[in-house]
>>> print(open('upload-v4.tsv').read())   # TSV, C-alpha atoms
chain	number	residue	atom	x	y	z
A	1	MET	CA	129.51	-56.02	90.97
A	2	TYR	CA	128.33	-57.47	87.66
A	3	ASP	CA	128.45	-54.02	86.03
A	4	GLU	CA	131.97	-53.53	87.31
A	5	LEU	CA	133.00	-56.94	85.94
A	6	ALA	CA	131.34	-56.31	82.60
A	7	SER	CA	133.19	-52.98	82.25
A	8	LYS	CA	136.61	-54.71	82.34
A	9	GLY	CA	138.33	-55.48	79.06
A	10	ASN	CA	139.00	-59.18	79.42
A	11	VAL	CA	135.46	-60.43	80.04
A	12	GLU	CA	134.20	-63.64	78.48
A	13	TYR	CA	130.55	-64.73	78.29
A	14	ILE	CA	130.12	-68.50	78.29
A	15	ALA	CA	126.88	-70.50	78.53
A	16	GLY	CA	126.73	-72.18	81.92
A	17	GLY	CA	124.40	-73.82	84.40
A	18	ALA	CA	125.57	-77.04	86.03
A	19	THR	CA	123.18	-79.48	84.34
A	20	GLN	CA	123.42	-77.70	81.01
A	21	ASN	CA	127.24	-77.84	81.15
A	22	SER	CA	127.10	-81.61	81.63
A	23	ILE	CA	124.64	-82.04	78.76
A	24	ARG	CA	126.76	-79.84	76.46
A	25	VAL	CA	129.84	-81.94	77.23
A	26	ALA	CA	127.95	-85.23	76.72
A	27	GLN	CA	126.64	-83.89	73.41
A	28	TRP	CA	130.18	-82.85	72.36
A	29	MET	CA	131.59	-86.28	73.28
A	30	LEU	CA	128.82	-88.09	71.39
A	31	GLN	CA	129.09	-85.99	68.20
A	32	ILE	CA	125.55	-87.03	67.18
A	33	PRO	CA	123.37	-83.92	66.65
A	34	GLY	CA	120.27	-83.93	68.84
A	35	ALA	CA	121.43	-86.89	70.97
A	36	THR	CA	120.66	-84.81	74.06
A	37	SER	CA	117.84	-82.55	75.21
A	38	TYR	CA	117.75	-79.93	77.95
A	39	ILE	CA	114.99	-78.21	79.90
A	40	GLY	CA	115.59	-75.16	82.08
A	41	CYS	CA	114.54	-71.56	82.63
A	42	ILE	CA	115.82	-68.34	81.06
A	43	GLY	CA	114.58	-64.75	80.88
A	44	LYS	CA	113.35	-62.90	77.80
A	45	ASP	CA	116.54	-60.90	77.26
A	46	LYS	CA	119.85	-60.77	75.41
A	47	PHE	CA	121.50	-63.43	77.60
A	48	GLY	CA	118.46	-65.67	77.08
A	49	GLU	CA	118.82	-65.31	73.31
A	50	GLU	CA	122.55	-66.08	73.61
A	51	MET	CA	121.72	-69.19	75.62
A	52	LYS	CA	119.32	-70.42	72.94
A	53	LYS	CA	121.88	-69.81	70.19
A	54	ASN	CA	124.58	-71.53	72.20
A	55	ALA	CA	122.48	-74.64	72.89
A	56	GLN	CA	121.56	-74.87	69.22
A	57	ALA	CA	125.19	-74.52	68.13
A	58	ALA	CA	126.13	-77.27	70.62
A	59	GLY	CA	123.60	-79.62	68.97
A	60	ILE	CA	121.32	-79.79	72.01
A	61	ASN	CA	117.56	-79.88	71.69
A	62	ALA	CA	116.72	-77.21	74.31
A	63	HIS	CA	113.20	-76.41	75.48
A	64	TYR	CA	113.48	-73.37	77.76
A	65	TYR	CA	110.76	-71.99	79.96
A	66	GLU	CA	111.01	-68.24	79.31
A	67	ASP	CA	110.14	-66.23	82.39
A	68	GLU	CA	108.40	-62.91	81.70
A	69	ASN	CA	109.67	-61.15	84.82
A	70	ALA	CA	113.12	-62.43	85.74
A	71	PRO	CA	116.30	-61.86	83.74
A	72	THR	CA	118.40	-64.84	82.60
A	73	GLY	CA	120.58	-66.15	85.43
A	74	THR	CA	124.22	-65.13	85.49
A	75	CYS	CA	127.25	-66.28	87.40
A	76	ALA	CA	130.30	-64.12	88.01
A	77	VAL	CA	133.50	-66.12	87.91
A	78	CYS	CA	136.77	-64.82	89.26
A	79	VAL	CA	139.79	-66.95	88.38
A	80	VAL	CA	143.08	-66.56	90.23
A	81	GLY	CA	145.92	-68.96	89.54
A	82	GLY	CA	143.56	-71.47	87.93
A	83	GLU	CA	141.27	-71.69	90.96
A	84	ARG	CA	137.79	-70.24	90.65
A	85	SER	CA	135.31	-68.53	92.91
A	86	LEU	CA	131.71	-68.07	91.83
A	87	ILE	CA	128.92	-65.68	92.68
A	88	ALA	CA	125.63	-66.74	91.15
A	89	ASN	CA	122.68	-64.50	90.51
A	90	LEU	CA	120.21	-67.30	89.79
A	91	SER	CA	117.37	-65.04	88.74
A	92	ALA	CA	115.31	-66.84	86.04
A	93	ALA	CA	117.13	-70.13	86.76
A	94	ASN	CA	115.31	-70.03	90.10
A	95	CYS	CA	111.88	-69.67	88.49
A	96	TYR	CA	111.29	-72.97	86.70
A	97	LYS	CA	107.73	-74.28	87.11
A	98	SER	CA	106.56	-77.88	86.71
A	99	GLU	CA	103.64	-76.60	84.58
A	100	HIS	CA	106.18	-76.09	81.78
A	101	LEU	CA	107.42	-79.65	82.19
A	102	LYS	CA	103.88	-81.02	81.98
A	103	LYS	CA	103.22	-79.40	78.58
A	104	PRO	CA	102.97	-82.22	76.00
A	105	GLU	CA	105.83	-80.89	73.83
A	106	ASN	CA	108.17	-80.81	76.85
A	107	TRP	CA	107.04	-83.99	78.56
A	108	ALA	CA	107.64	-85.69	75.18
A	109	LEU	CA	111.39	-85.10	75.76
A	110	VAL	CA	111.13	-86.91	79.09
A	111	GLU	CA	109.20	-89.77	77.46
A	112	LYS	CA	111.83	-90.05	74.73
A	113	ALA	CA	114.86	-89.98	77.05
A	114	LYS	CA	116.42	-93.21	78.30
A	115	TYR	CA	118.83	-91.47	80.69
A	116	ILE	CA	117.90	-88.41	82.74
A	117	TYR	CA	120.35	-86.22	84.65
A	118	ILE	CA	119.51	-83.39	87.06
A	119	ALA	CA	122.03	-81.49	89.17
A	120	GLY	CA	121.33	-81.19	92.90
A	121	PHE	CA	121.08	-77.40	92.54
A	122	PHE	CA	117.62	-77.89	91.01
A	123	LEU	CA	116.37	-79.22	94.37
A	124	THR	CA	116.25	-75.57	95.46
A	125	VAL	CA	114.11	-74.58	92.47
A	126	SER	CA	111.49	-77.17	91.59
A	127	PRO	CA	111.54	-80.37	93.66
A	128	ASP	CA	108.11	-81.26	92.24
A	129	SER	CA	109.59	-81.34	88.72
A	130	ILE	CA	112.33	-83.66	89.99
A	131	GLN	CA	109.72	-85.92	91.59
A	132	LEU	CA	107.70	-86.15	88.35
A	133	VAL	CA	110.77	-87.12	86.35
A	134	ALA	CA	112.14	-89.47	89.04
A	135	GLU	CA	108.86	-91.38	89.32
A	136	HIS	CA	108.61	-91.61	85.53
A	137	ALA	CA	112.17	-93.01	85.35
A	138	ALA	CA	111.47	-95.63	88.04
A	139	ALA	CA	108.16	-96.67	86.48
A	140	ASN	CA	109.72	-97.06	83.03
A	141	ASN	CA	113.04	-98.67	84.00
A	142	LYS	CA	115.00	-95.63	82.89
A	143	VAL	CA	118.29	-94.51	84.38
A	144	PHE	CA	118.02	-91.49	86.67
A	145	LEU	CA	121.17	-89.61	87.70
A	146	MET	CA	121.75	-86.76	90.13
A	147	ASN	CA	124.59	-84.78	91.68
A	148	LEU	CA	125.18	-83.75	95.29
A	149	SER	CA	126.25	-80.42	93.69
A	150	ALA	CA	127.29	-78.47	96.80
A	151	PRO	CA	127.72	-78.86	100.56
A	152	PHE	CA	124.87	-76.36	101.18
A	153	ILE	CA	122.45	-78.61	99.25
A	154	CYS	CA	123.36	-81.54	101.52
A	155	GLU	CA	122.97	-79.35	104.61
A	156	PHE	CA	120.01	-77.07	103.97
A	157	PHE	CA	117.98	-78.97	101.37
A	158	ARG	CA	118.30	-82.34	103.00
A	159	ASP	CA	114.54	-83.07	102.96
A	160	ALA	CA	114.21	-82.48	99.22
A	161	GLN	CA	117.40	-84.47	98.60
A	162	GLU	CA	116.14	-87.30	100.79
A	163	LYS	CA	112.91	-87.48	98.79
A	164	ALA	CA	114.70	-87.71	95.45
A	165	LEU	CA	117.48	-90.08	96.53
A	166	PRO	CA	115.53	-93.38	96.46
A	167	TYR	CA	115.02	-92.83	92.71
A	168	VAL	CA	118.65	-92.07	91.95
A	169	ASP	CA	120.57	-94.81	90.10
A	170	TYR	CA	123.83	-92.89	89.79
A	171	ILE	CA	124.85	-90.20	92.26
A	172	PHE	CA	127.85	-87.95	91.60
A	173	GLY	CA	129.68	-85.61	93.95
A	174	ASN	CA	133.07	-84.46	95.13
A	175	GLU	CA	134.87	-85.32	98.37
A	176	THR	CA	133.69	-82.19	100.24
A	177	GLU	CA	130.05	-82.79	99.31
A	178	ALA	CA	130.33	-86.48	100.26
A	179	ARG	CA	131.77	-85.60	103.67
A	180	THR	CA	129.04	-83.02	104.30
A	181	PHE	CA	126.40	-85.57	103.25
A	182	ALA	CA	127.85	-88.01	105.81
A	183	LYS	CA	128.19	-85.40	108.56
A	184	VAL	CA	124.56	-84.27	108.21
A	185	ARG	CA	123.50	-87.90	108.66
A	186	GLY	CA	125.76	-88.47	111.66
A	187	TRP	CA	127.81	-91.18	109.95
A	188	GLU	CA	130.95	-90.22	111.87
A	189	THR	CA	133.40	-90.98	109.08
A	190	GLU	CA	135.48	-88.76	106.81
A	191	ASN	CA	136.58	-91.72	104.69
A	192	VAL	CA	135.35	-91.05	101.15
A	193	GLU	CA	135.35	-94.73	100.12
A	194	GLU	CA	133.27	-95.66	103.15
A	195	ILE	CA	130.84	-92.78	102.52
A	196	ALA	CA	130.48	-93.68	98.82
A	197	LEU	CA	129.62	-97.25	99.79
A	198	LYS	CA	127.05	-96.13	102.38
A	199	ILE	CA	125.39	-93.76	99.88
A	200	SER	CA	125.15	-96.58	97.32
A	201	GLN	CA	123.42	-98.78	99.91
A	202	LEU	CA	120.70	-96.29	100.90
A	203	PRO	CA	117.16	-97.51	100.01
A	204	LYS	CA	116.06	-97.57	96.37
A	205	ALA	CA	112.53	-96.96	95.04
A	206	SER	CA	112.96	-99.41	92.19
A	207	GLY	CA	114.93	-102.62	92.15
A	208	THR	CA	115.74	-102.51	88.43
A	209	HIS	CA	119.07	-100.73	88.85
A	210	LYS	CA	121.36	-100.78	91.86
A	211	ARG	CA	122.71	-97.39	92.92
A	212	ILE	CA	126.24	-96.50	91.89
A	213	THR	CA	128.08	-93.67	93.68
A	214	VAL	CA	130.82	-91.75	91.89
A	215	ILE	CA	132.93	-89.34	93.96
A	216	THR	CA	135.70	-87.16	92.52
A	217	GLN	CA	138.57	-85.83	94.63
A	218	GLY	CA	140.30	-83.19	92.53
A	219	CYS	CA	143.67	-84.62	91.51
A	220	ASP	CA	143.20	-87.67	93.77
A	221	PRO	CA	141.56	-90.89	92.46
A	222	VAL	CA	137.87	-91.15	91.56
A	223	VAL	CA	135.96	-93.40	93.96
A	224	VAL	CA	133.20	-95.65	92.61
A	225	ALA	CA	130.96	-97.69	94.91
A	226	ASP	CA	129.01	-100.36	93.05
A	227	ASP	CA	127.32	-103.51	94.32
A	228	GLY	CA	128.98	-103.46	97.75
A	229	LYS	CA	132.48	-102.93	96.36
A	230	VAL	CA	134.65	-99.84	96.01
A	231	LYS	CA	136.99	-99.21	93.10
A	232	THR	CA	139.32	-96.25	92.61
A	233	PHE	CA	140.48	-94.79	89.31
A	234	PRO	CA	143.45	-92.45	88.93
A	235	VAL	CA	142.77	-89.14	87.16
A	236	ILE	CA	144.85	-87.70	84.32
A	237	LEU	CA	147.39	-85.50	86.08
A	238	LEU	CA	147.91	-82.06	84.64
A	239	PRO	CA	151.02	-79.93	85.15
A	240	LYS	CA	150.10	-76.78	87.11
A	241	GLU	CA	151.11	-74.46	84.25
A	242	LYS	CA	148.52	-76.06	81.96
A	243	LEU	CA	145.65	-75.44	84.37
A	244	VAL	CA	143.57	-72.51	83.10
A	245	ASP	CA	140.52	-72.77	85.33
A	246	THR	CA	138.70	-75.45	87.28
A	247	ASN	CA	135.30	-73.96	86.45
A	248	GLY	CA	132.97	-76.67	85.11
A	249	ALA	CA	135.38	-79.55	85.81
A	250	GLY	CA	132.80	-81.51	87.82
A	251	ASP	CA	130.08	-80.81	85.25
A	252	ALA	CA	132.38	-81.94	82.43
A	253	PHE	CA	133.24	-85.09	84.39
A	254	VAL	CA	129.53	-86.02	84.48
A	255	GLY	CA	129.14	-85.15	80.78
A	256	GLY	CA	131.97	-87.45	79.80
A	257	PHE	CA	130.58	-90.21	82.01
A	258	LEU	CA	127.10	-89.85	80.48
A	259	SER	CA	128.47	-89.99	76.92
A	260	GLN	CA	129.69	-93.57	77.48
A	261	LEU	CA	126.91	-94.69	79.81
A	262	VAL	CA	124.27	-94.01	77.14
A	263	GLN	CA	126.28	-96.26	74.82
A	264	GLU	CA	126.12	-98.96	77.51
A	265	LYS	CA	129.89	-98.98	78.02
A	266	SER	CA	131.49	-100.33	81.21
A	267	ILE	CA	131.90	-98.20	84.34
A	268	ASP	CA	135.67	-98.21	83.72
A	269	GLU	CA	135.09	-96.67	80.28
A	270	CYS	CA	132.58	-94.16	81.69
A	271	VAL	CA	135.13	-92.98	84.27
A	272	ARG	CA	137.90	-92.84	81.66
A	273	ALA	CA	135.75	-90.59	79.45
A	274	ALA	CA	134.72	-88.52	82.49
A	275	CYS	CA	138.37	-87.88	83.40
A	276	TYR	CA	139.19	-87.08	79.79
A	277	ALA	CA	136.40	-84.48	79.52
A	278	ALA	CA	137.29	-82.85	82.85
A	279	ASN	CA	140.95	-82.71	81.80
A	280	VAL	CA	140.02	-80.92	78.55
A	281	VAL	CA	137.80	-78.38	80.29
A	282	ILE	CA	140.28	-77.35	83.00
A	283	GLN	CA	142.77	-76.40	80.29
A	284	ARG	CA	140.31	-73.85	78.90
A	285	SER	CA	138.30	-70.92	80.14
A	286	GLY	CA	134.86	-71.88	81.53
A	287	CYS	CA	133.10	-75.08	80.54
A	288	THR	CA	134.26	-75.04	76.91
A	289	TYR	CA	135.89	-77.56	74.61
A	290	PRO	CA	137.62	-77.80	71.21
A	291	GLU	CA	135.61	-78.56	68.08
A	292	LYS	CA	136.02	-82.34	68.27
A	293	PRO	CA	136.92	-84.67	71.13
A	294	ASP	CA	140.10	-86.71	70.91
A	295	PHE	CA	138.82	-89.67	72.92
A	296	ASN	CA	138.92	-93.26	71.72
>>> encode(input="upload-v4.tsv", output="structure tokens")
Amino acid sequence: MYDELASKGNVEYIAGGATQNSIRVAQWMLQIPGATSYIGCIGKDKFGEEMKKNAQAAGINAHYYEDENAPTGTCAVCVVGGERSLIANLSAANCYKSEHLKKPENWALVEKAKYIYIAGFFLTVSPDSIQLVAEHAAANNKVFLMNLSAPFICEFFRDAQEKALPYVDYIFGNETEARTFAKVRGWETENVEEIALKISQLPKASGTHKRITVITQGCDPVVVADDGKVKTFPVILLPKEKLVDTNGAGDAFVGGFLSQLVQEKSIDECVRAACYAANVVIQRSGCTYPEKPDFN
């Protein structure tokens, strides 16, 4: 299928990966070279080289584990009428090892970071890496953020998710993921505000930060549960004809949010930036953005 796709004339190759998308968007919003770092796994091939070039051009300090045997992960995206469907061939992205993380030059990035974000997808790859980073964040009063990422993560990787959750200070997700999370736990509610609140009140490993839950609902308001209260924020509505593709919208949302959070801005500002970034990305192909943000 990939060969067939690649043989078509109108193919675009865009750096992806859920966590990396979010970091690229945060980096773009911040406009401070090297403000962000990224660790992940690629293969030793042409796509791997592209990925390195792309991260560098984006201003990210990327330390990739380069797998000798697996090719760089790819994801086929088919866009029809602005809506996307994805088929991922994870390949090297599925091969990350915590030994790479423990190397002094890579762990130094963890030590240096004040905010650490990992998408839920990584729970399927290296839960021990997540645990190392989560425990480090809790022990050093750092902010640790994760994403529910997909209904299948909530359903089939519940144990790994359950282990990481006590360390999570900010948890992101969309309405479908939130409802699956609730269903798996037998909460018997479809109400997103109620679910967000319950997620925020699950036990925490460290008392330094209370957990904040942020749930997006497409064009419906963003739900934020914080300190026993729920707030909703309207999103920037986009006329249908301006929608190019929804690919990377959730990742961009997190990136925008992170860009303000690291500057210690209010939750309202974080959500405003998150909505701005998502709005930019859905008007373009893939998780891409113009040269400079127009956010103030």
>>> atom_distance(input="upload-v4.tsv", atom1="CA of Ala76 (chain A)", atom2="CA of Asn89 (chain A)")
8.0 Å
>>> residues_near_point(input="upload-v4.tsv", point="(134.5, -67.7, 85.2)", cutoff="8 Å", atoms="only C-alpha atoms", output="ChimeraX atom specification")
/A:12,75-79,84-86,245,247,285-286
>>> write_last_selection(input="upload-v4.tsv", atoms="C-alpha atoms", output="compact mmCIF listing (two decimals), in the coordinates of the input")
# COMPACT_ATOMS: atom_id res chain seq x y z
CA GLU A 12 134.20 -63.64 78.48
CA CYS A 75 127.25 -66.28 87.40
CA ALA A 76 130.30 -64.12 88.01
CA VAL A 77 133.50 -66.12 87.91
CA CYS A 78 136.77 -64.82 89.26
CA VAL A 79 139.79 -66.95 88.38
CA ARG A 84 137.79 -70.24 90.65
CA SER A 85 135.31 -68.53 92.91
CA LEU A 86 131.71 -68.07 91.83
CA ASP A 245 140.52 -72.77 85.33
CA ASN A 247 135.30 -73.96 86.45
CA SER A 285 138.30 -70.92 80.14
CA GLY A 286 134.86 -71.88 81.53
>>> residues_around(input="upload-v4.tsv", residues="Ala70 (chain A)", least_positions_apart="3", cutoff="12 Å", atoms="only C-alpha atoms", output="PyMOL selection string")
chain A and resi 41-45+47-48+65-67+73-74+89-96
>>> residues_around(input="upload-v4.tsv", residues="Asn191 (chain A)", least_positions_apart="2", cutoff="10 Å", atoms="all atoms listed in the file", output="ChimeraX atom specification")
/A:175,178-179,182,188-189,193-196
>>> residues_around(input="upload-v4.tsv", residues="Lys231 (chain A)", least_positions_apart="3", cutoff="10 Å", atoms="all atoms listed in the file", output="JSON, numbers by chain")
{"A": [193, 214, 221, 222, 223, 224, 225, 226, 268]}
>>> closest_residue(input="upload-v4.tsv", among="A:Ile23, A:Leu30, A:Ile14, A:Val244", to="Ala273 (chain A)", atoms="all atoms listed in the file")
A:Leu30
>>> residues_around(input="upload-v4.tsv", residues="Asp128 (chain A)", least_positions_apart="3", cutoff="7 Å", atoms="only C-alpha atoms", output="list in words")
Ser98, Gln131 and Leu132 of chain A
>>> atom_distance(input="upload-v4.tsv", atom1="CA of Glu135 (chain A)", atom2="CA of Glu162 (chain A)")
14.2 Å
>>> closest_residue(input="upload-v4.tsv", among="A:Thr246, A:Lys229, A:Lys53, A:Ala35", to="Val80 (chain A)", atoms="all atoms listed in the file")
A:Thr246
>>> atom_distance(input="upload-v4.tsv", atom1="CA of Gly82 (chain A)", atom2="CA of Leu243 (chain A)")
5.7 Å
>>> residues_around(input="upload-v4.tsv", residues="Asn279 (chain A)", least_positions_apart="5", cutoff="9 Å", atoms="all atoms listed in the file", output="number ranges by chain")
A: 235-238, 249, 252-253, 274
>>> residues_near_point(input="upload-v4.tsv", point="(119.7, -94.9, 101.5)", cutoff="12 Å", atoms="only C-alpha atoms", output="list in words")
Gln161, Glu162, Lys163, Ala164, Leu165, Pro166, Tyr167, Val168, Asp169, Ile171, Phe181, Ala182, Arg185, Ile195, Ala196, Leu197, Lys198, Ile199, Ser200, Gln201, Leu202, Pro203, Lys204, Ala205, Lys210, Arg211, Ile212 and Thr213 of chain A
>>> closest_residue(input="upload-v4.tsv", among="A:His209, A:Lys52, A:Arg284, A:Arg272", to="Gly248 (chain A)", atoms="all atoms listed in the file")
A:Arg284
>>> closest_residue(input="upload-v4.tsv", among="A:Val230, A:Ala108, A:Val254, A:Ala26", to="Leu145 (chain A)", atoms="only C-alpha atoms")
A:Val254
>>> decode(input="upload-v4.tsv", residues="region 112-129 of chain A", atoms="N, CA, C and O atoms", output="PDB file, in the first residue's frame")
ATOM      1  N   LYS A 112      17.704  18.425  32.433  1.00  0.00           N
ATOM      2  CA  LYS A 112      17.616  19.843  32.101  1.00  0.00           C
ATOM      3  C   LYS A 112      16.168  20.319  31.958  1.00  0.00           C
ATOM      4  O   LYS A 112      15.854  21.482  32.215  1.00  0.00           O
ATOM      5  N   ALA A 113      15.287  19.400  31.552  1.00  0.00           N
ATOM      6  CA  ALA A 113      13.890  19.782  31.262  1.00  0.00           C
ATOM      7  C   ALA A 113      13.110  20.104  32.533  1.00  0.00           C
ATOM      8  O   ALA A 113      13.272  19.443  33.552  1.00  0.00           O
ATOM      9  N   LYS A 114      12.251  21.108  32.445  1.00  0.00           N
ATOM     10  CA  LYS A 114      11.361  21.431  33.568  1.00  0.00           C
ATOM     11  C   LYS A 114       9.956  20.874  33.330  1.00  0.00           C
ATOM     12  O   LYS A 114       9.194  20.665  34.249  1.00  0.00           O
ATOM     13  N   TYR A 115       9.632  20.676  32.053  1.00  0.00           N
ATOM     14  CA  TYR A 115       8.328  20.133  31.650  1.00  0.00           C
ATOM     15  C   TYR A 115       8.589  18.958  30.714  1.00  0.00           C
ATOM     16  O   TYR A 115       9.399  19.085  29.789  1.00  0.00           O
ATOM     17  N   ILE A 116       7.918  17.849  30.956  1.00  0.00           N
ATOM     18  CA  ILE A 116       8.148  16.659  30.128  1.00  0.00           C
ATOM     19  C   ILE A 116       6.823  16.097  29.633  1.00  0.00           C
ATOM     20  O   ILE A 116       5.918  15.825  30.420  1.00  0.00           O
ATOM     21  N   TYR A 117       6.719  15.964  28.309  1.00  0.00           N
ATOM     22  CA  TYR A 117       5.489  15.466  27.690  1.00  0.00           C
ATOM     23  C   TYR A 117       5.742  14.166  26.928  1.00  0.00           C
ATOM     24  O   TYR A 117       6.703  14.073  26.167  1.00  0.00           O
ATOM     25  N   ILE A 118       4.885  13.183  27.144  1.00  0.00           N
ATOM     26  CA  ILE A 118       4.959  11.907  26.421  1.00  0.00           C
ATOM     27  C   ILE A 118       3.543  11.528  25.982  1.00  0.00           C
ATOM     28  O   ILE A 118       2.628  11.510  26.801  1.00  0.00           O
ATOM     29  N   ALA A 119       3.383  11.214  24.706  1.00  0.00           N
ATOM     30  CA  ALA A 119       2.060  10.771  24.237  1.00  0.00           C
ATOM     31  C   ALA A 119       1.780   9.365  24.760  1.00  0.00           C
ATOM     32  O   ALA A 119       2.701   8.590  25.030  1.00  0.00           O
ATOM     33  N   GLY A 120       0.504   9.037  24.895  1.00  0.00           N
ATOM     34  CA  GLY A 120       0.093   7.718  25.386  1.00  0.00           C
ATOM     35  C   GLY A 120       0.533   6.579  24.479  1.00  0.00           C
ATOM     36  O   GLY A 120       0.689   5.441  24.923  1.00  0.00           O
ATOM     37  N   PHE A 121       0.757   6.891  23.198  1.00  0.00           N
ATOM     38  CA  PHE A 121       1.186   5.853  22.252  1.00  0.00           C
ATOM     39  C   PHE A 121       2.467   5.157  22.724  1.00  0.00           C
ATOM     40  O   PHE A 121       2.684   3.986  22.452  1.00  0.00           O
ATOM     41  N   PHE A 122       3.313   5.909  23.430  1.00  0.00           N
ATOM     42  CA  PHE A 122       4.606   5.373  23.865  1.00  0.00           C
ATOM     43  C   PHE A 122       4.451   4.287  24.938  1.00  0.00           C
ATOM     44  O   PHE A 122       5.372   3.524  25.191  1.00  0.00           O
ATOM     45  N   LEU A 123       3.258   4.207  25.537  1.00  0.00           N
ATOM     46  CA  LEU A 123       2.988   3.147  26.521  1.00  0.00           C
ATOM     47  C   LEU A 123       3.102   1.763  25.879  1.00  0.00           C
ATOM     48  O   LEU A 123       3.357   0.777  26.553  1.00  0.00           O
ATOM     49  N   THR A 124       2.909   1.707  24.564  1.00  0.00           N
ATOM     50  CA  THR A 124       2.981   0.426  23.861  1.00  0.00           C
ATOM     51  C   THR A 124       4.419   0.065  23.499  1.00  0.00           C
ATOM     52  O   THR A 124       4.688  -1.037  23.041  1.00  0.00           O
ATOM     53  N   VAL A 125       5.332   1.019  23.662  1.00  0.00           N
ATOM     54  CA  VAL A 125       6.705   0.839  23.198  1.00  0.00           C
ATOM     55  C   VAL A 125       7.676   0.594  24.351  1.00  0.00           C
ATOM     56  O   VAL A 125       8.366  -0.418  24.389  1.00  0.00           O
ATOM     57  N   SER A 126       7.733   1.556  25.272  1.00  0.00           N
ATOM     58  CA  SER A 126       8.722   1.455  26.345  1.00  0.00           C
ATOM     59  C   SER A 126       8.186   2.011  27.664  1.00  0.00           C
ATOM     60  O   SER A 126       8.582   3.086  28.110  1.00  0.00           O
ATOM     61  N   PRO A 127       7.262   1.255  28.301  1.00  0.00           N
ATOM     62  CA  PRO A 127       6.723   1.750  29.576  1.00  0.00           C
ATOM     63  C   PRO A 127       7.799   1.973  30.635  1.00  0.00           C
ATOM     64  O   PRO A 127       7.662   2.845  31.489  1.00  0.00           O
ATOM     65  N   ASP A 128       8.908   1.220  30.543  1.00  0.00           N
ATOM     66  CA  ASP A 128       9.974   1.424  31.549  1.00  0.00           C
ATOM     67  C   ASP A 128      10.653   2.787  31.373  1.00  0.00           C
ATOM     68  O   ASP A 128      11.051   3.419  32.357  1.00  0.00           O
ATOM     69  N   SER A 129      10.750   3.266  30.120  1.00  0.00           N
ATOM     70  CA  SER A 129      11.287   4.621  29.901  1.00  0.00           C
ATOM     71  C   SER A 129      10.351   5.659  30.517  1.00  0.00           C
ATOM     72  O   SER A 129      10.800   6.624  31.144  1.00  0.00           O
TER      73      SER A 129
END
